[in-house]
Amino acid sequence: MTAFTIRPLERSDREWVAHFLDERWGTTQIVSRGKAVYGHLLPGFMAERGGADVEEDVSEKDRQAENIGLITVHIGEKECEITTLDSLDESMGVGSALVEAVENWAQEAGIKRLWLVITNDNLEALKFWQKRGYELVSVHRNAIADARRIKPQIPITGLNGITIRDEIELEKLV
Ligand SMILES: CC(C)(COP(=O)(O)OP(=O)(O)OC[C@H]1O[C@@H](n2cnc3c(N)ncnc32)[C@H](O)[C@@H]1OP(=O)(O)O)[C@@H](O)C(=O)NCCC(=O)NCCS
């Protein structure tokens with residue numbers, strides 16, 4: 001089983017985060033509810049394979065190869081949006097651990113509500129979030145038409161061969 005550790009993002013991680021988001025999402029620009037943010041400027045947590053066991057003298061390139069997950073958040077006054085969540089080592093608990101790190105941080109920071117949107121094609125994510133206590137708030141129909149005005153590279157067909165059209169909003173009160 002993969003051992004990994006979770007740690008908060010630091011300013012020095014921004015280049016890696018930008019590269020990671022670019023590879024996973026095609027851009028560092030994250031659009032939800034008609035607004036865009038630059039994901040690599042957001043706070044969050046990352047998962048590192050091996051973590052404390054990784055030797056300190058490995059090269060930067062090799063060290064970056066050990067990064068296996070990322071969660072970023074956009075902080076509001078009493079609520080916080082989970083803007084991205086990605087795991088490179090699936091079904092090993094990385095995604096859950098990243099979410100737990102955000103939830104623990106949110107409780108300490110006095111955040112009352114965590115929320116996020118997923119697109120209607122992402123059935124796996126819909127399952128993932130609901131199993132972790134996130135409840136459906138609403139379906140923003142045709143929201144992706146607005147998102148495409150900001151980010152034209154959003155594909156027409158998404159996961160599972162489903163047309164990407166709507167944003168599904170979920171929340172968890174923490
Ligand atoms: C969604 C996503 C982040 C999940 O990451 P992950 O690392 O696979 O998450 P976990 O390993 O914590 O959980 C996945 C499953 O593995 C299972 N699992 C967790 N630890 C495990 C272990 N040690 N051994 C076997 N299975 C395990 C979990 O029970 C979970 O199953 P469940 O959802 O039926 O309960 C990942 O699939 C991903 O990056 N998807 C693409 C991007 C995306 O859609 N992001 C979400 C929208 S923002």
# chains A, B, ... in the order shown; residues from 1 in each chain; ligands from 1
call {"tool": "closest_atom_pairs", "arguments": {"of": "chain A", "to": "ligand 1", "cutoff": "6 Å", "atoms": "only C-alpha atoms and all ligand atoms", "output": "tab-separated table"}}
result
residue	atom	partner	partner_atom_place_in_ligand_line	distance
A:Thr84	CA	ligand 1	48 (S)	4.6
A:Leu85	CA	ligand 1	48 (S)	4.6
A:Asp86	CA	ligand 1	39 (O)	3.5
A:Ser87	CA	ligand 1	39 (O)	3.9
A:Asp89	CA	ligand 1	7 (O)	5.7
A:Glu90	CA	ligand 1	8 (O)	3.3
A:Ser91	CA	ligand 1	11 (O)	3.2
A:Met92	CA	ligand 1	21 (C)	3.9
A:Gly93	CA	ligand 1	12 (O)	3.2
A:Val94	CA	ligand 1	7 (O)	3.9
A:Gly95	CA	ligand 1	9 (O)	3.6
A:Ser96	CA	ligand 1	12 (O)	3.6
A:Ile118	CA	ligand 1	47 (C)	5.6
A:Ala125	CA	ligand 1	46 (C)	4.9
A:Phe128	CA	ligand 1	33 (O)	4.5
call {"tool": "residues_around", "arguments": {"residues": "Lys151 of chain A", "least_positions_apart": "6", "cutoff": "10 Å", "atoms": "only C-alpha atoms", "output": "ChimeraX atom specification"}}
result
/A:26-27,29-31,36,144-145
call {"tool": "residues_around", "arguments": {"residues": "segment 42-46 of chain A", "least_positions_apart": "5", "cutoff": "12 Å", "atoms": "only C-alpha atoms", "output": "ChimeraX atom specification"}}
result
/A:4-14,16-18,20-21,28-30,36-37,51,64,66-75,80-88,94-106
call {"tool": "closest_residue", "arguments": {"among": "A:Ser32, A:Ser138, A:Asn160, A:Gln107", "to": "Asp121 of chain A", "atoms": "only C-alpha atoms"}}
result
A:Asn160
call {"tool": "residues_around", "arguments": {"residues": "Gly34 of chain A", "least_positions_apart": "5", "cutoff": "10 Å", "atoms": "only C-alpha atoms", "output": "ChimeraX atom specification"}}
result
/A:143-150
call {"tool": "residues_around", "arguments": {"residues": "Glu171 of chain A", "least_positions_apart": "4", "cutoff": "7 Å", "atoms": "only C-alpha atoms", "output": "JSON, numbers by chain"}}
result
{"A": [113, 114, 115, 116, 134, 135, 136, 137]}
call {"tool": "atom_distance", "arguments": {"atom1": "atom CA of Lys172 of chain A", "atom2": "atom CA of Asn120 of chain A"}}
result
18.9 Å
call {"tool": "select_by_dssp", "arguments": {"residues": "chain A", "states": "helix (DSSP H, G or I)", "output": "VMD selection string"}}
result
chain A and resid 11 to 25 39 to 41 51 to 53 60 to 64 94 to 109 123 to 131 143 to 150 159 to 161
call {"tool": "atom_distance", "arguments": {"atom1": "atom CA of Tyr38 of chain A", "atom2": "atom CA of Gly161 of chain A"}}
result
27.7 Å
call {"tool": "select_by_dssp", "arguments": {"residues": "chain A", "states": "strand (DSSP E or B)", "output": "MDAnalysis selection string"}}
result
chainID A and resid 4:8 29:32 35:38 44:49 67:75 79:87 113:119 135:140 157 163 167:173
call {"tool": "closest_residue", "arguments": {"among": "A:Ala3, A:Ile168, A:Ala109, A:Ile156", "to": "Gln130 of chain A", "atoms": "only C-alpha atoms"}}
result
A:Ile168
call {"tool": "atom_distance", "arguments": {"atom1": "atom CA of Leu170 of chain A", "atom2": "atom CA of Thr157 of chain A"}}
result
22.1 Å
call {"tool": "closest_residue", "arguments": {"among": "A:Val139, A:Val117, A:Leu173, A:Leu41", "to": "Glu15 of chain A", "atoms": "only C-alpha atoms"}}
result
A:Leu41
